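See structure below.
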Amino acid sequence: MTAPIVRFAPSPTGRIHIGNARTALFNYLFARRGGGRFVLRFDDTDLERSKEEYAASIEVDLAWLGVQPDLTVRQSQRFALYDAAAATLKAAGLLYPCYETADELDRRRKRQIGRGLPPVYDRAALSLTAEDRDRLEAEGRKPHWRFRLEHKTIAWTDLVRGPSHIDCASLSDPVLVREDGTYLYTLPSVVDDIDLRITHVIRGEDHVTNTAVQIQLFEALAGAGHAPVFGHHNLLTTVSGEGLSKRSGALSIGGLRDAGIEPLAVASLAVLTGSSDSVHPVASLDELQQTFDLSHVSRNAAKFDPAELDALSARTLHLLPFDLVRDRLVAHDVAGHKAEAFWLAVRGNLATFLDVVPWWRVVEGEIEPVIEDAELASAAATLLPEEPWDQTTWGAWTKAVREQSGRKGRGLFHPLRLALTGLESGPELAQLLPLIGRTRASDRLHGRVS
Ligand code: GLU
C-alpha cells in the first residue's frame with residue numbers, strides 16, 4: 001500500500017472540541033501508522049462565518065494535542081480550482097442552473113410529503129428552456145447550481161462501518177453553488193481531495209450521505225475508481241447522549257487546557273471512547289498509535305463522561321517520564337540538578353500539572369512549617385545526619401528519632417511531615433527529604449520559615 005495522505009478539515013467558525021479532536025487524531029494516528037502525511041485543511045469558503053482567530057486557535061489546539069500537520073491549506077485561497085471544476089461539470093451537463101426560491105422549494109417539499117412522497121428535488125429546472133431561463137434572469141432571479149446525480153447505488157467499503165451503500169435515487173440533486181456564486185462544502189472538498197491526492201477520508205458519521213454524492217463527484221472530475229477510501233466514525237456524545245457543538249465551551253480543547261487537563265488524557269479519551277479498547281492513560285501519542293485501529297471503533301454511540309477527564313488526566317501525569325515534561329517544568333521555574341528527582345518524587349501526587357508549583361516551594365523555596373509537637377521536632381532536628389543525603393536517609397533518621405523519642409506510627413510521622421512540608425499529606429518523605437536538604441529541614445524543625 002502506498003503511504004496514506006489524510007486530511008482534517010475543520011471550518012474555522014469556532015473553537016474545536018473534544019469530538020473534533022477525535023477526528024483529527026484518528027486521521028493523524030492513521031497517517032503516522034502508515035508512514036503517511038496529515039494535511040490540515042481549513043474549510044473557510046464561508047468568508048463571513050470563518051475567522052482567522054479561530055483558524056489560529058485550531059492550530060494552537062492541535063499543537064497542544066501533539067498533532068503536527070505536514071501541510072496546511074485554506075480553501076479561501078483555492079477558489080480558482082473550484083471555479084475550474086464547476087466549469088468542467090457545467091460543460092458536461094452535470095451542473096445545472098435552478099431558479100426556485102427557498103419558499104418555492106419548501107412548498108414543493110410539503111406537497112410531496114402530503115402525498116406520501118419522499119421530499120426529493122423533482123429536477124423541474126432541467127426542463128427549462130433557454131428562453132425560460134432568460135425570462136427568469138430578466139426578472140432578477142439568479143441561479144443556484146445543482147449537481148445531477150446518477151440514480152444508481154453507490155457502494156464502498158467503509159474503514160469503520162464495513163460494506164456500505166446508498167441509493168442515490170433517494171437523494172435530491174445537491175446544490176453545489178449558491179445564488180451569490182459561493183460554494184457549499186461539497187464540491188471544494190472533493191476538488192481538494194483530488195488535488196492534494198488524499199487517499200483516505202476519515203470523518204464523522206454525520207457525513208455518510210455526503211459520501212455517495214462525493215463519490216459521484218470524484219467519478220465526474222477524476223474518473224471512475226478515483227475516490228479515496230472512506231471511514232466514518234461514531235460521534236462523541238456526553239453520557240446523556242447530548243452531542244457536542246462548537247459552542248460547548250467547557251469541552252472545547254482550549255477550555256480543557258485552561259482547566260489543567262493533560263493533552264494526552266484528552267487524546268486517549270477522544271480516541272479510545274466508543275472502541276473495543278478501554279480508555280487508559282498513555283505517556284505519548286506513539287503509545288496510543290500502537291493500539292489504534294479504526295476497525296476497533298464501534299458503530300454504537302461513543303458516550304463519555306466529562307467528569308472522567310480529571311481522574312484520567314491525573315493518572316496520565318503519574319506516568320509521564322521526566323524527559324517529556326522537562327520544558328514544561330522549566331516554564332514554572334523548576335530546573336537545575338534537583339528537577340528530575342523532584343519530578344519523580346511528586347508526579348504521583350499531582351492532580352494537575354500546576355500542583356508542581358507548591359511542591360517545588362517545599363523543596364526549593366520558603367514555607368511556613370507547622371509545629372505540632374515541639375519536643376519531638378527539636379529532638380528530630382538534633383538527630384539530622386550530616387549530608388550527603390539519599391533516599392535511605394529518611395528511614396535511618398526516623399529510626400533514630402523513634403528510638404530516642406519513643407514516638408511511633410502517626411505520632412512520629414505526622415508531626416515530621418507537617419514541620420518539613422507544612423502540609424498534611426503529599427509525596428513520600430524518603431524522596432522529598434534529600435531534596436529539601438539539611439539546612440531547610442533543620443530550620444523548619446525549629447519552626448523557622450525556610
Ligand atoms: N468541514 C467539514 C466538517 O467540518 C469537513 C468534512 C470532511 O471531512 O469532509 O464537517
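Letters A, B, ... go to the chains of the C-alpha cells in the order shown; residues in each chain start at 1; ligands are counted from 1 in the same order.
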* Please give the complete set of residues from region 90-238 of chain A that DSSP, run on the backbone, assigns to strand (DSSP E), formatted as a VMD selection string. => chain A and resid 95 to 98 144 to 147 153 to 158 162 to 167 175 to 177 200 to 204 229 to 233 236 to 238
Preceding selection exported with C-alpha atoms as a PDB file, in the first residue's frame:
```pdb
ATOM      1  CA  LEU A  95     -24.139  21.110 -13.015  1.00  0.00           C
ATOM      2  CA  TYR A  96     -27.400  22.794 -13.923  1.00  0.00           C
ATOM      3  CA  PRO A  97     -28.963  26.144 -13.039  1.00  0.00           C
ATOM      4  CA  CYS A  98     -32.080  26.248 -10.871  1.00  0.00           C
ATOM      5  CA  HIS A 144     -28.138  28.289  -7.867  1.00  0.00           C
ATOM      6  CA  TRP A 145     -26.493  25.193  -9.302  1.00  0.00           C
ATOM      7  CA  ARG A 146     -27.301  21.566  -8.668  1.00  0.00           C
ATOM      8  CA  PHE A 147     -25.195  18.505  -9.401  1.00  0.00           C
ATOM      9  CA  THR A 153     -26.470   2.753  -5.850  1.00  0.00           C
ATOM     10  CA  ILE A 154     -23.083   3.843  -4.648  1.00  0.00           C
ATOM     11  CA  ALA A 155     -21.233   1.236  -2.607  1.00  0.00           C
ATOM     12  CA  TRP A 156     -17.976   1.468  -0.700  1.00  0.00           C
ATOM     13  CA  THR A 157     -16.140  -0.470   1.967  1.00  0.00           C
ATOM     14  CA  ASP A 158     -16.025   1.790   4.953  1.00  0.00           C
ATOM     15  CA  GLY A 162     -17.655  -2.100   6.605  1.00  0.00           C
ATOM     16  CA  PRO A 163     -19.624  -2.609   3.363  1.00  0.00           C
ATOM     17  CA  SER A 164     -21.890   0.432   2.909  1.00  0.00           C
ATOM     18  CA  HIS A 165     -24.192   1.655   0.173  1.00  0.00           C
ATOM     19  CA  ILE A 166     -26.560   4.482  -0.613  1.00  0.00           C
ATOM     20  CA  ASP A 167     -29.213   4.571  -3.298  1.00  0.00           C
ATOM     21  CA  VAL A 175     -26.784  22.360  -4.583  1.00  0.00           C
ATOM     22  CA  LEU A 176     -23.063  22.972  -5.104  1.00  0.00           C
ATOM     23  CA  VAL A 177     -23.110  26.708  -5.851  1.00  0.00           C
ATOM     24  CA  HIS A 200      -8.278   8.199   2.939  1.00  0.00           C
ATOM     25  CA  VAL A 201     -11.134  10.385   4.144  1.00  0.00           C
ATOM     26  CA  ILE A 202     -11.736   9.730   7.823  1.00  0.00           C
ATOM     27  CA  ARG A 203     -14.564  11.773   9.309  1.00  0.00           C
ATOM     28  CA  GLY A 204     -17.659  11.679  11.481  1.00  0.00           C
ATOM     29  CA  VAL A 229     -11.136   5.176   0.806  1.00  0.00           C
ATOM     30  CA  PHE A 230     -13.712   6.380   3.358  1.00  0.00           C
ATOM     31  CA  GLY A 231     -14.061   5.782   7.069  1.00  0.00           C
ATOM     32  CA  HIS A 232     -16.922   7.224   9.120  1.00  0.00           C
ATOM     33  CA  HIS A 233     -16.553   7.102  12.861  1.00  0.00           C
ATOM     34  CA  LEU A 236     -18.649  11.543  20.773  1.00  0.00           C
ATOM     35  CA  THR A 237     -21.609  12.392  22.951  1.00  0.00           C
ATOM     36  CA  THR A 238     -21.901  13.045  26.666  1.00  0.00           C
TER      37      THR A 238
END
```
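Those protein and nucleic acid residues that have any atom within 8 Å of ligand 1 are, using only C-alpha atoms and all ligand atoms, Arg7, Phe8, Ala9, Pro10, Ser11, Phe42, Asp43, Tyr185, Thr186, Ser189, Val201, Ile202, Arg203, Gly204 and His207 of chain A.
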Those same residues, written as an mmCIF file, in the first residue's frame with N, CA and C atoms?
```
data_model
loop_
_atom_site.group_PDB
_atom_site.id
_atom_site.type_symbol
_atom_site.label_atom_id
_atom_site.label_comp_id
_atom_site.auth_asym_id
_atom_site.auth_seq_id
_atom_site.Cartn_x
_atom_site.Cartn_y
_atom_site.Cartn_z
ATOM 1 N N ARG A 7 -6.615 14.060 5.649
ATOM 2 C CA ARG A 7 -6.798 15.473 5.982
ATOM 3 C C ARG A 7 -7.811 15.606 7.098
ATOM 4 N N PHE A 8 -7.605 16.647 7.905
ATOM 5 C CA PHE A 8 -8.577 17.050 8.904
ATOM 6 C C PHE A 8 -9.053 18.405 8.422
ATOM 7 N N ALA A 9 -10.388 18.558 8.307
ATOM 8 C CA ALA A 9 -10.898 19.724 7.577
ATOM 9 C C ALA A 9 -11.918 20.528 8.380
ATOM 10 N N PRO A 10 -11.473 21.189 9.431
ATOM 11 C CA PRO A 10 -12.435 21.968 10.214
ATOM 12 C C PRO A 10 -12.807 23.284 9.527
ATOM 13 N N SER A 11 -14.031 23.740 9.787
ATOM 14 C CA SER A 11 -14.390 25.098 9.369
ATOM 15 C C SER A 11 -13.998 26.010 10.520
ATOM 16 N N PHE A 42 -8.327 24.090 6.135
ATOM 17 C CA PHE A 42 -9.366 24.947 6.700
ATOM 18 C C PHE A 42 -10.479 25.113 5.675
ATOM 19 N N ASP A 43 -11.668 24.649 6.025
ATOM 20 C CA ASP A 43 -12.837 24.789 5.146
ATOM 21 C C ASP A 43 -13.460 26.158 5.407
ATOM 22 N N TYR A 185 -20.003 23.301 0.887
ATOM 23 C CA TYR A 185 -18.842 22.489 1.241
ATOM 24 C C TYR A 185 -18.533 21.339 0.254
ATOM 25 N N THR A 186 -19.599 20.783 -0.361
ATOM 26 C CA THR A 186 -19.444 19.510 -1.080
ATOM 27 C C THR A 186 -18.387 19.504 -2.189
ATOM 28 N N SER A 189 -14.546 20.365 -1.250
ATOM 29 C CA SER A 189 -13.939 19.262 -0.517
ATOM 30 C C SER A 189 -13.403 18.192 -1.484
ATOM 31 N N VAL A 201 -10.331 9.341 3.515
ATOM 32 C CA VAL A 201 -11.134 10.385 4.144
ATOM 33 C C VAL A 201 -11.746 9.788 5.404
ATOM 34 N N ILE A 202 -11.247 10.254 6.546
ATOM 35 C CA ILE A 202 -11.736 9.730 7.823
ATOM 36 C C ILE A 202 -12.479 10.865 8.515
ATOM 37 N N ARG A 203 -13.759 10.680 8.758
ATOM 38 C CA ARG A 203 -14.564 11.773 9.309
ATOM 39 C C ARG A 203 -15.750 11.211 10.073
ATOM 40 N N GLY A 204 -16.530 12.105 10.661
ATOM 41 C CA GLY A 204 -17.659 11.679 11.481
ATOM 42 C C GLY A 204 -18.766 11.057 10.641
ATOM 43 N N HIS A 207 -21.357 12.508 8.037
ATOM 44 C CA HIS A 207 -21.062 12.775 6.629
ATOM 45 C C HIS A 207 -21.360 11.603 5.696
#
```
What's the 9 Å shell around Asp333 (chain A), counting only C-alpha atoms, without same-chain residues fewer than 3 positions away, as a PDB file with N, CA, C and O atoms, in the first residue's frame?
```
ATOM      1  N   ARG A 328       8.188  21.886  30.259  1.00  0.00           N
ATOM      2  CA  ARG A 328       7.035  22.438  30.986  1.00  0.00           C
ATOM      3  C   ARG A 328       7.450  22.787  32.413  1.00  0.00           C
ATOM      4  O   ARG A 328       6.955  23.759  32.985  1.00  0.00           O
ATOM      5  N   LEU A 329       8.342  22.008  32.987  1.00  0.00           N
ATOM      6  CA  LEU A 329       8.811  22.308  34.343  1.00  0.00           C
ATOM      7  C   LEU A 329       9.603  23.609  34.337  1.00  0.00           C
ATOM      8  O   LEU A 329       9.415  24.472  35.197  1.00  0.00           O
ATOM      9  N   VAL A 330      10.472  23.746  33.332  1.00  0.00           N
ATOM     10  CA  VAL A 330      11.284  24.967  33.234  1.00  0.00           C
ATOM     11  C   VAL A 330      10.373  26.194  33.168  1.00  0.00           C
ATOM     12  O   VAL A 330      10.631  27.221  33.792  1.00  0.00           O
ATOM     13  N   VAL A 357       4.000  23.560  41.439  1.00  0.00           N
ATOM     14  CA  VAL A 357       4.485  24.851  41.967  1.00  0.00           C
ATOM     15  C   VAL A 357       4.597  24.834  43.492  1.00  0.00           C
ATOM     16  O   VAL A 357       5.678  25.109  44.032  1.00  0.00           O
ATOM     17  N   TRP A 360       7.399  22.470  44.574  1.00  0.00           N
ATOM     18  CA  TRP A 360       8.753  22.985  44.323  1.00  0.00           C
ATOM     19  C   TRP A 360       9.136  23.964  45.431  1.00  0.00           C
ATOM     20  O   TRP A 360      10.288  24.036  45.865  1.00  0.00           O
TER      21      TRP A 360
END
```
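If you count only C-alpha atoms and ignore residues fewer than 4 places along the chain from Pro434 (chain A), what sits within 10 Å of it is A:Lys338, A:Ala341, A:Phe342, A:Val363, A:Glu387, A:Pro388, A:Trp389, A:Asp390, A:Gln391, A:Thr392, A:Thr393, A:Trp394, A:Leu429, A:Ala430, A:Arg438, A:Ala441.
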* Asked: Please, which residues of region 378-449 of chain A, numbered as in this document, come out alpha helix (DSSP H) from DSSP, as a count of residues only?
  -> 48
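Between Val356 (chain A) and the candidates A:Gly426, A:Pro321, A:Pro369, A:Gly36, the tightest atom-to-atom separation, counting only C-alpha atoms, involves A:Gly426.
Omitting region 57-66 of chain A and its sequence neighbours fewer than 4 positions away, and counting only C-alpha atoms, the residues within 9 Å are Pro10, Pro12, Gly14, Arg15, Ile16, Ala21, Ala24, Leu25, Leu40, Glu52, Glu53, Ile253, Gly254, Arg257, Glu262, Pro263, Leu264, Val266, Ala267, Ser284 and Leu285 of chain A.
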Give me a file of those residues, with N, CA, C and O atoms, as a CSV table (one decimal), in the first residue's frame.
```csv
chain,number,residue,atom,x,y,z
A,10,PRO,N,-11.5,21.2,9.4
A,10,PRO,CA,-12.4,22.0,10.2
A,10,PRO,C,-12.8,23.3,9.5
A,10,PRO,O,-12.0,23.8,8.8
A,12,PRO,N,-13.2,27.0,10.3
A,12,PRO,CA,-12.8,27.9,11.4
A,12,PRO,C,-13.9,28.9,11.8
A,12,PRO,O,-13.8,30.1,11.6
A,14,GLY,N,-15.4,28.5,14.9
A,14,GLY,CA,-15.5,28.4,16.3
A,14,GLY,C,-14.3,27.6,16.8
A,14,GLY,O,-13.4,27.2,16.0
A,15,ARG,N,-14.2,27.4,18.1
A,15,ARG,CA,-13.1,26.6,18.7
A,15,ARG,C,-13.4,25.1,18.5
A,15,ARG,O,-14.6,24.7,18.5
A,16,ILE,N,-12.4,24.3,18.4
A,16,ILE,CA,-12.7,22.9,18.2
A,16,ILE,C,-12.8,22.2,19.6
A,16,ILE,O,-12.3,22.7,20.6
A,21,ALA,N,-11.4,16.8,18.1
A,21,ALA,CA,-10.1,16.2,18.3
A,21,ALA,C,-10.1,14.7,18.0
A,21,ALA,O,-9.1,14.2,17.5
A,24,ALA,N,-9.5,14.6,14.3
A,24,ALA,CA,-8.1,15.0,14.0
A,24,ALA,C,-7.2,13.8,14.3
A,24,ALA,O,-6.3,13.5,13.6
A,25,LEU,N,-7.4,13.3,15.5
A,25,LEU,CA,-6.4,12.2,16.0
A,25,LEU,C,-6.6,10.9,15.2
A,25,LEU,O,-5.6,10.3,14.9
A,40,LEU,N,-3.8,19.6,7.2
A,40,LEU,CA,-4.8,20.4,7.9
A,40,LEU,C,-5.4,21.3,6.8
A,40,LEU,O,-4.7,22.1,6.2
A,52,GLU,N,-10.1,34.3,11.1
A,52,GLU,CA,-8.7,34.0,11.2
A,52,GLU,C,-8.3,33.6,12.7
A,52,GLU,O,-7.5,32.7,12.9
A,53,GLU,N,-9.0,34.2,13.6
A,53,GLU,CA,-8.7,33.9,15.0
A,53,GLU,C,-9.0,32.5,15.4
A,53,GLU,O,-8.4,31.8,16.2
A,253,ILE,N,-11.2,22.4,23.3
A,253,ILE,CA,-9.9,22.0,23.6
A,253,ILE,C,-9.2,23.1,24.5
A,253,ILE,O,-8.6,22.8,25.5
A,254,GLY,N,-9.5,24.3,24.1
A,254,GLY,CA,-9.0,25.4,24.9
A,254,GLY,C,-9.5,25.4,26.3
A,254,GLY,O,-8.7,25.7,27.2
A,257,ARG,N,-7.8,22.7,28.2
A,257,ARG,CA,-6.4,23.2,28.5
A,257,ARG,C,-6.4,24.1,29.7
A,257,ARG,O,-5.6,24.0,30.7
A,262,GLU,N,-4.6,17.3,31.0
A,262,GLU,CA,-3.4,16.9,30.2
A,262,GLU,C,-3.8,16.6,28.8
A,262,GLU,O,-4.8,15.9,28.6
A,263,PRO,N,-3.0,17.1,27.8
A,263,PRO,CA,-3.4,16.8,26.4
A,263,PRO,C,-3.5,15.3,26.1
A,263,PRO,O,-4.3,14.9,25.3
A,264,LEU,N,-2.6,14.5,26.7
A,264,LEU,CA,-2.7,13.1,26.4
A,264,LEU,C,-3.9,12.4,27.0
A,264,LEU,O,-4.3,11.4,26.6
A,266,VAL,N,-6.8,14.0,27.1
A,266,VAL,CA,-7.8,14.3,26.1
A,266,VAL,C,-7.7,13.4,24.9
A,266,VAL,O,-8.7,12.9,24.4
A,267,ALA,N,-6.5,13.2,24.5
A,267,ALA,CA,-6.2,12.3,23.3
A,267,ALA,C,-6.7,10.9,23.6
A,267,ALA,O,-7.4,10.3,22.7
A,284,SER,N,2.4,8.9,25.6
A,284,SER,CA,2.7,9.5,24.4
A,284,SER,C,1.7,9.1,23.3
A,284,SER,O,1.0,8.1,23.4
A,285,LEU,N,1.6,9.9,22.3
A,285,LEU,CA,0.8,9.6,21.1
A,285,LEU,C,1.3,8.3,20.5
A,285,LEU,O,0.5,7.6,19.9
```
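The nearest approach to Val6 (chain A) among the residues A:Ala381, A:Val208, A:Leu196, A:Leu171, with only C-alpha atoms taken into account, belongs to A:Leu196.
Proximity ranking of A:Pro306, A:Gly365, A:Gly274, A:Gly93 relative to Val449 (chain A) places A:Gly365 first, based on only C-alpha atoms.
Here the question is which of A:Asp206, A:Glu375, A:Glu424, A:Glu403 gets nearest to Gly447 (chain A) using only C-alpha atoms, and that residue is A:Glu375.
The interatomic distance for the pair CA of Thr2 (chain A) and CA of Thr209 (chain A) works out to 27.3 Å.
Residue nearest Lys142 (chain A), chosen from A:Ser252, A:Asp195, A:Glu428, A:Tyr99 and counting only C-alpha atoms: A:Tyr99.
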* For Gly19 (chain A), list every protein, DNA or RNA residue within 7 Å, evaluated using only C-alpha atoms, and leave out those in the same chain fewer than 5 positions away; present the list as a list in words. => Leu235, Leu236, Leu244 and Ala270 of chain A
* If you count only C-alpha atoms, which residues fall within 7 Å of Ile371 (chain A), apart from same-chain ones fewer than 5 positions away, as number ranges by chain? -> A: 415, 418-419, 447
